[in-house]
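Content type mmCIF, C-alpha atoms, from the file my_file-v1.cif:
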data_protein
loop_
_atom_site.label_atom_id
_atom_site.label_comp_id
_atom_site.auth_asym_id
_atom_site.auth_seq_id
_atom_site.Cartn_x
_atom_site.Cartn_y
_atom_site.Cartn_z
CA MET J 1 -92.31 380.78 -37.92
CA GLU J 2 -95.22 380.43 -40.34
CA LYS J 3 -96.50 376.86 -40.32
CA LEU J 4 -97.03 374.93 -43.53
CA PHE J 5 -98.19 371.60 -42.12
CA THR J 6 -99.25 370.91 -38.54
CA LEU J 7 -99.39 367.27 -37.44
CA ARG J 8 -100.87 366.13 -34.14
CA ASN J 9 -101.33 362.53 -32.98
CA VAL J 10 -100.89 360.99 -36.43
CA GLN J 11 -100.68 357.20 -36.36
CA VAL J 12 -100.69 354.72 -39.23
CA GLN J 13 -101.23 351.13 -38.11
CA PRO J 14 -102.16 348.72 -40.92
CA ARG J 15 -102.88 345.25 -39.58
CA LYS J 16 -102.06 346.51 -36.07
CA ARG J 17 -98.45 347.18 -37.08
CA CYS J 18 -97.40 350.75 -36.40
CA ILE J 19 -95.49 352.20 -39.36
CA LEU J 20 -95.86 355.87 -38.40
CA ALA J 21 -96.43 357.49 -35.02
CA ILE J 22 -96.08 361.25 -34.74
CA ASP J 23 -97.25 363.05 -31.62
CA GLU J 24 -96.37 366.53 -32.81
CA LEU J 25 -94.64 368.02 -35.85
CA ASP J 26 -94.72 371.50 -37.38
CA LEU J 27 -93.25 372.02 -40.84
CA PRO J 28 -92.28 375.60 -41.73
CA ASP J 29 -93.76 377.42 -44.71
CA HIS J 30 -91.77 378.89 -47.61
CA GLN J 31 -88.94 376.40 -47.17
CA HIS J 32 -87.37 373.37 -48.81
CA ILE J 33 -88.08 370.42 -46.49
CA SER J 34 -86.49 366.99 -46.84
CA ILE J 35 -87.59 363.78 -45.14
CA ILE J 36 -84.72 361.33 -44.66
CA GLY J 37 -84.19 357.98 -42.98
CA PRO J 38 -83.40 354.33 -43.75
CA ASN J 39 -85.65 351.97 -45.68
CA GLY J 40 -88.87 351.31 -43.82
CA ALA J 41 -88.52 354.43 -41.68
CA GLY J 42 -91.96 355.75 -42.72
CA LYS J 43 -90.83 358.50 -45.10
CA SER J 44 -93.34 357.86 -47.89
CA THR J 45 -96.06 357.17 -45.33
CA LEU J 46 -95.43 360.57 -43.76
CA LEU J 47 -95.59 362.25 -47.17
CA ARG J 48 -98.92 360.55 -47.92
CA ALA J 49 -100.17 361.61 -44.48
CA LEU J 50 -99.61 365.21 -45.57
CA LEU J 51 -102.13 364.53 -48.35
CA GLY J 52 -104.69 363.64 -45.71
CA LEU J 53 -104.66 359.97 -46.72
CA HIS J 54 -104.25 358.67 -43.17
CA GLY J 55 -107.11 360.32 -41.33
CA ALA J 56 -107.33 363.43 -39.22
CA GLY J 57 -104.53 365.18 -37.40
CA VAL J 58 -103.01 367.08 -40.32
CA LEU J 59 -103.66 370.73 -41.17
CA LEU J 60 -102.25 372.68 -44.09
CA ARG J 61 -101.86 376.36 -43.20
CA GLY J 62 -104.47 375.88 -40.51
CA GLU J 63 -107.08 374.25 -42.77
CA LYS J 64 -108.08 370.71 -43.62
CA VAL J 65 -105.89 369.37 -46.38
CA VAL J 66 -108.86 368.19 -48.46
CA ASN J 67 -109.99 371.79 -48.98
CA GLN J 68 -106.60 372.80 -50.38
CA LEU J 69 -106.47 369.70 -52.58
CA LYS J 70 -109.79 370.65 -54.16
CA GLN J 71 -108.38 374.09 -54.92
CA GLY J 72 -105.32 372.59 -56.60
CA GLN J 73 -102.94 374.04 -54.04
CA VAL J 74 -101.02 370.77 -53.56
CA ALA J 75 -99.11 369.06 -56.38
CA TRP J 76 -97.84 365.51 -56.01
CA VAL J 77 -95.04 363.49 -57.62
CA GLY J 78 -95.04 359.87 -56.50
CA GLN J 79 -92.50 357.12 -57.01
CA HIS J 80 -94.56 355.52 -59.77
CA GLY J 81 -96.21 357.72 -62.38
CA GLN J 82 -99.05 356.71 -64.69
CA TYR J 83 -97.44 356.58 -68.11
CA ASN J 84 -99.58 354.05 -69.99
CA LEU J 85 -101.61 356.88 -71.49
CA PRO J 86 -102.22 357.69 -75.19
CA LEU J 87 -100.66 361.12 -74.74
CA THR J 88 -97.63 362.94 -76.03
CA VAL J 89 -95.18 364.45 -73.56
CA THR J 90 -96.72 367.88 -74.12
CA GLU J 91 -100.23 366.56 -73.51
CA TYR J 92 -99.12 364.63 -70.44
CA VAL J 93 -97.41 367.53 -68.68
CA GLN J 94 -100.41 369.77 -69.37
CA LEU J 95 -102.53 367.49 -67.20
CA GLY J 96 -101.13 369.57 -64.36
CA CYS J 97 -102.98 372.61 -65.66
CA SER J 98 -106.35 371.12 -64.88
CA HIS J 99 -106.16 368.88 -61.83
CA HIS J 100 -109.98 368.66 -61.73
CA ALA J 101 -110.57 367.86 -65.41
CA GLY J 102 -109.43 364.25 -65.41
CA TRP J 103 -106.57 362.32 -66.98
CA PHE J 104 -107.81 362.42 -70.57
CA ARG J 105 -108.77 366.07 -70.78
CA PRO J 106 -105.47 367.95 -70.84
CA VAL J 107 -105.82 371.72 -70.76
CA LYS J 108 -103.28 373.90 -72.55
CA ALA J 109 -100.67 375.56 -70.37
CA PRO J 110 -99.42 379.10 -71.02
CA LEU J 111 -97.04 378.56 -73.92
CA ALA J 112 -94.13 380.49 -72.41
CA GLN J 113 -94.25 378.54 -69.14
CA LEU J 114 -94.66 375.22 -70.93
CA ASN J 115 -91.72 375.81 -73.26
CA HIS J 116 -89.57 377.11 -70.42
CA LEU J 117 -90.11 374.03 -68.24
CA LEU J 118 -89.65 371.61 -71.15
CA ASP J 119 -86.37 373.36 -71.88
CA VAL J 120 -85.19 373.42 -68.25
CA PHE J 121 -85.76 369.68 -67.90
CA ASP J 122 -84.40 368.74 -71.35
CA LEU J 123 -87.74 367.58 -72.75
CA SER J 124 -88.17 369.98 -75.68
CA ALA J 125 -86.85 367.48 -78.23
CA LEU J 126 -89.24 364.83 -76.85
CA ALA J 127 -92.34 367.02 -76.73
CA HIS J 128 -94.22 365.14 -79.45
CA GLN J 129 -93.24 361.62 -78.44
CA ARG J 130 -95.64 359.36 -76.55
CA ILE J 131 -95.04 359.51 -72.80
CA GLY J 132 -95.00 355.70 -72.64
CA SER J 133 -92.06 355.49 -75.06
CA LEU J 134 -89.69 357.50 -72.85
CA SER J 135 -87.02 356.14 -70.53
CA GLY J 136 -87.64 356.05 -66.78
CA GLY J 137 -85.60 359.20 -66.21
CA GLU J 138 -87.36 361.08 -69.00
CA GLN J 139 -90.75 360.06 -67.65
CA GLN J 140 -89.76 361.21 -64.17
CA ARG J 141 -88.74 364.62 -65.51
CA ALA J 142 -92.07 364.87 -67.33
CA ASN J 143 -93.84 363.98 -64.10
CA VAL J 144 -92.04 366.84 -62.33
CA VAL J 145 -92.97 369.27 -65.12
CA ARG J 146 -96.60 368.14 -64.86
CA ALA J 147 -96.59 368.97 -61.14
CA LEU J 148 -94.91 372.35 -61.70
CA LEU J 149 -97.48 373.32 -64.34
CA GLN J 150 -100.19 372.94 -61.71
CA ASN J 151 -98.79 376.15 -60.19
CA ALA J 152 -99.60 374.84 -56.73
CA SER J 153 -98.30 376.56 -53.62
CA VAL J 154 -97.13 373.22 -52.14
CA LEU J 155 -95.12 370.48 -53.85
CA LEU J 156 -94.97 367.00 -52.31
CA LEU J 157 -92.29 364.89 -53.98
CA ASP J 158 -91.63 361.23 -53.15
CA GLU J 159 -88.06 360.42 -54.22
CA PRO J 160 -88.11 362.87 -57.15
CA CYS J 161 -84.51 362.01 -58.07
CA ASN J 162 -85.54 358.43 -58.78
CA HIS J 163 -84.19 357.34 -62.21
CA LEU J 164 -82.49 360.72 -62.77
CA ASP J 165 -78.81 360.96 -63.64
CA ILE J 166 -76.56 363.24 -61.58
CA ARG J 167 -76.93 366.25 -63.89
CA HIS J 168 -80.72 366.13 -63.85
CA GLN J 169 -80.81 365.52 -60.10
CA HIS J 170 -78.92 368.76 -59.51
CA ARG J 171 -80.89 370.61 -62.17
CA LEU J 172 -84.11 369.68 -60.38
CA MET J 173 -82.75 370.68 -56.98
CA ASP J 174 -81.38 373.96 -58.33
CA TYR J 175 -84.73 374.79 -59.93
CA LEU J 176 -86.66 374.07 -56.74
CA GLN J 177 -84.22 376.10 -54.66
CA GLN J 178 -84.31 379.07 -57.02
CA ASN J 179 -88.12 379.20 -56.92
CA HIS J 180 -88.69 379.19 -53.16
CA ASP J 181 -90.81 382.33 -53.51
CA HIS J 182 -93.38 380.47 -55.62
CA PHE J 183 -93.94 377.28 -53.64
CA SER J 184 -93.03 375.30 -50.54
CA VAL J 185 -91.45 371.88 -51.07
CA VAL J 186 -91.64 368.71 -48.97
CA MET J 187 -89.73 365.78 -50.42
CA VAL J 188 -88.42 362.35 -49.55
CA LEU J 189 -84.71 361.99 -50.30
CA HIS J 190 -82.29 359.09 -49.96
CA ASP J 191 -79.16 361.06 -50.83
CA LEU J 192 -77.91 362.63 -47.59
CA SER J 193 -75.59 365.03 -49.41
CA MET J 194 -78.51 366.32 -51.48
CA ALA J 195 -80.58 366.80 -48.34
CA ALA J 196 -77.77 368.67 -46.58
CA ASN J 197 -77.04 371.03 -49.47
CA TYR J 198 -80.53 371.75 -50.76
CA SER J 199 -82.72 371.77 -47.65
CA ASP J 200 -83.73 374.46 -45.18
CA PHE J 201 -85.39 371.97 -42.84
CA VAL J 202 -84.86 368.22 -42.39
CA VAL J 203 -86.99 365.54 -40.74
CA LEU J 204 -85.07 362.39 -39.76
CA LEU J 205 -87.27 359.32 -39.31
CA ASN J 206 -86.55 355.86 -38.00
CA GLU J 207 -89.00 353.02 -37.39
CA GLY J 208 -91.94 355.34 -37.96
CA GLN J 209 -90.90 357.94 -35.40
CA ILE J 210 -89.22 361.32 -35.52
CA VAL J 211 -85.61 361.15 -34.41
CA ALA J 212 -84.88 364.83 -35.08
CA ALA J 213 -86.34 367.76 -37.01
CA GLY J 214 -84.82 371.15 -37.74
CA ALA J 215 -82.05 372.82 -39.71
CA PRO J 216 -79.70 370.41 -41.56
CA ARG J 217 -76.69 371.40 -39.43
CA GLU J 218 -78.63 370.46 -36.29
CA VAL J 219 -80.21 367.23 -37.51
CA MET J 220 -77.53 365.76 -39.78
CA GLN J 221 -74.88 365.02 -37.17
CA THR J 222 -72.65 362.13 -38.18
CA GLU J 223 -73.01 360.31 -34.87
CA LEU J 224 -76.79 360.47 -35.04
CA LEU J 225 -76.91 359.49 -38.72
CA SER J 226 -74.53 356.57 -38.15
CA ASP J 227 -76.73 355.34 -35.33
CA VAL J 228 -79.97 355.63 -37.32
CA TYR J 229 -78.59 354.10 -40.53
CA GLN J 230 -76.56 351.53 -38.57
CA TRP J 231 -73.50 352.23 -40.68
CA PRO J 232 -70.50 354.53 -40.13
CA ILE J 233 -71.08 357.85 -41.87
CA ARG J 234 -68.49 360.56 -42.33
CA ARG J 235 -69.04 364.21 -43.24
CA VAL J 236 -66.74 365.93 -45.75
CA ASP J 237 -66.78 369.67 -46.48
CA GLU J 238 -65.49 370.64 -49.93
CA GLU J 239 -65.66 374.10 -51.50
CA GLY J 240 -68.70 375.17 -49.54
CA LYS J 241 -70.58 371.91 -50.16
CA ILE J 242 -71.35 369.12 -47.69
CA PHE J 243 -70.91 365.46 -48.57
CA PHE J 244 -71.70 362.40 -46.51
CA ARG J 245 -69.60 359.31 -47.14
CA MET J 246 -70.35 355.77 -46.06
CA ASP J 247 -67.25 354.27 -44.44
CA GLN J 248 -66.54 350.57 -44.23
CA ALA J 249 -68.27 348.91 -41.32
CA ALA J 250 -66.03 348.21 -38.36
#
As structure tokens:
Amino acid sequence: MEKLFTLRNVQVQPRKRCILAIDELDLPDHQHISIIGPNGAGKSTLLRALLGLHGAGVLLRGEKVVNQLKQGQVAWVGQHGQYNLPLTVTEYVQLGCSHHAGWFRPVKAPLAQLNHLLDVFDLSALAHQRIGSLSGGEQQRANVVRALLQNASVLLLDEPCNHLDIRHQHRLMDYLQQNHDHFSVVMVLHDLSMAANYSDFVVLLNEGQIVAAGAPREVMQTELLSDVYQWPIRRVDEEGKIFFRMDQAA
């Protein structure tokens, strides 16, 4: 297995309170990886650790993460984008084309790629509107397009389905899945059904520690999930898809 990220002895302890403690974790390359777990499990902290924001102990394809960041090989979509900018949607998404140029120096993307992504994420009709005037879901889609236009080999996405309706959630997941050859994806997801159906590899966290990591069928066992989420969870298989339902508490 080719390794994307290698983590060794990674600990995050603000104010002496441990919110992430990982002795060892290898994330596979060329796959769609989802990080799941209840609120406060350390999911976003782990994603930020992959950016090298929490000290040493993390390598990206055997190198220090900072070197790959400088080369624009890692694109990031956080939970809160920066939308109070005097830019149109087209100008905003093109910020991804020049990660080193700064926020107010958008560089033009190849027209075919730009138009294709605006079309895929239903932003073509909004291309000339100010990014700050869009709804939360529209801004989130623009944020995803900005990251994709960076043409990075690694995408780190923190709750990318935030604010998206069901159609656009699945459109995003379908697009990421169909383009596995172009980039590796590591994302935080809350929707267990999404994680089961669109992931090759899943990391289950709880209280800052790894409970399980591996293929969805191995990690996403109902007994284990029910224990971690402290709520009865039931798996339903329908027409080749997997759904997780929350039952009423006993």
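Counting from CA of Gln31 (chain J), the distance to CA of Val144 (chain J) is 18.2 Å.
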Inset, instruction - Would you mind listing what lies within 12 Å of Ala212 (chain J) as a PyMOL selection string, with all atoms listed in the file counted and same-chain residues fewer than 4 positions away left out? - result: chain J and resi 22+24-25+35-37+201-206+216-221+224-225+228
Legend entry - Output of the PyMOL selection byres ((chain J and resi 209) around 8), listed as number ranges by chain: J: 20-22, 41-42, 205-208, 210-211
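Applying the 10 Å criterion to (-103.8, 361.0, -43.8) in file coordinates and using only C-alpha atoms, one obtains the residues Leu7, Val10, Gln11, Val12, Thr45, Leu46, Leu47, Arg48, Ala49, Leu50, Leu51, Gly52, Leu53, His54, Gly55, Ala56, Gly57, Val58, Val65 and Val66 of chain J.
For the pair CA of Thr88 (chain J) and CA of His128 (chain J), the separation is 5.3 Å.
The gap separating CA of Gly72 (chain J) from CA of Gln113 (chain J) is 17.8 Å, in Å to one decimal.
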Inset, instruction - Quick one: apply the PyMOL selection byres ((chain J and resi 147) around 7) to the file and drop the selected residues here as a PyMOL selection string. - result: chain J and resi 75-77+96+143-146+148-150
May I have the residues within 10 Å of Arg234 (chain J) as a PDB file with C-alpha atoms, keeping the file's coordinate frame, using all atoms listed in the file and disregarding those fewer than 3 positions away in the same chain?
ATOM      1  CA  GLN J 221     -74.880 365.020 -37.170  1.00  0.00           C
ATOM      2  CA  THR J 222     -72.650 362.130 -38.180  1.00  0.00           C
ATOM      3  CA  GLU J 223     -73.010 360.310 -34.870  1.00  0.00           C
ATOM      4  CA  LEU J 225     -76.910 359.490 -38.720  1.00  0.00           C
ATOM      5  CA  SER J 226     -74.530 356.570 -38.150  1.00  0.00           C
ATOM      6  CA  TRP J 231     -73.500 352.230 -40.680  1.00  0.00           C
ATOM      7  CA  PHE J 243     -70.910 365.460 -48.570  1.00  0.00           C
ATOM      8  CA  PHE J 244     -71.700 362.400 -46.510  1.00  0.00           C
ATOM      9  CA  ARG J 245     -69.600 359.310 -47.140  1.00  0.00           C
ATOM     10  CA  MET J 246     -70.350 355.770 -46.060  1.00  0.00           C
ATOM     11  CA  ASP J 247     -67.250 354.270 -44.440  1.00  0.00           C
TER      12      ASP J 247
END
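Residues captured in this structure file are Gln79, His80, Gly81, Phe121, Asp122, Leu123, Ile131, Gly132, Ser133, Leu134, Ser135, Gly136, Glu138, Gln139, Gln140, Arg141, Ala142, Asn143, Val144, Pro160, Cys161, Asn162, His163, Leu164, Asp165, Ile166, Arg167, His168 and Gln169 of chain J, according to the PyMOL selection byres ((chain J and resi 137) around 12).
Look at region 187-189 of chain J: the protein and nucleic acid residues within 6 Å of it, using only C-alpha atoms and passing over chain neighbours fewer than 4 places away, are J:Ser34, J:Ile35, J:Ile36, J:Leu156, J:Leu157, J:Asp158, J:Glu159.
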Legend entry - Who sits within 10 Å of Gln68 (chain J), only C-alpha atoms, same chain under 5 positions skipped, as a PyMOL selection string: chain J and resi 51+59-61+63+73-74+152-154
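Ranking J:Met1, J:Ala213, J:Met173, J:Leu111 by their shortest atom-to-atom distance to Tyr198 (chain J), with only C-alpha atoms included, puts J:Met173 first.
The residue that comes closest to Ser44 (chain J), out of J:Asn151, J:Glu2, J:Asp200, J:Ile19 and on the basis of only C-alpha atoms, is J:Ile19.
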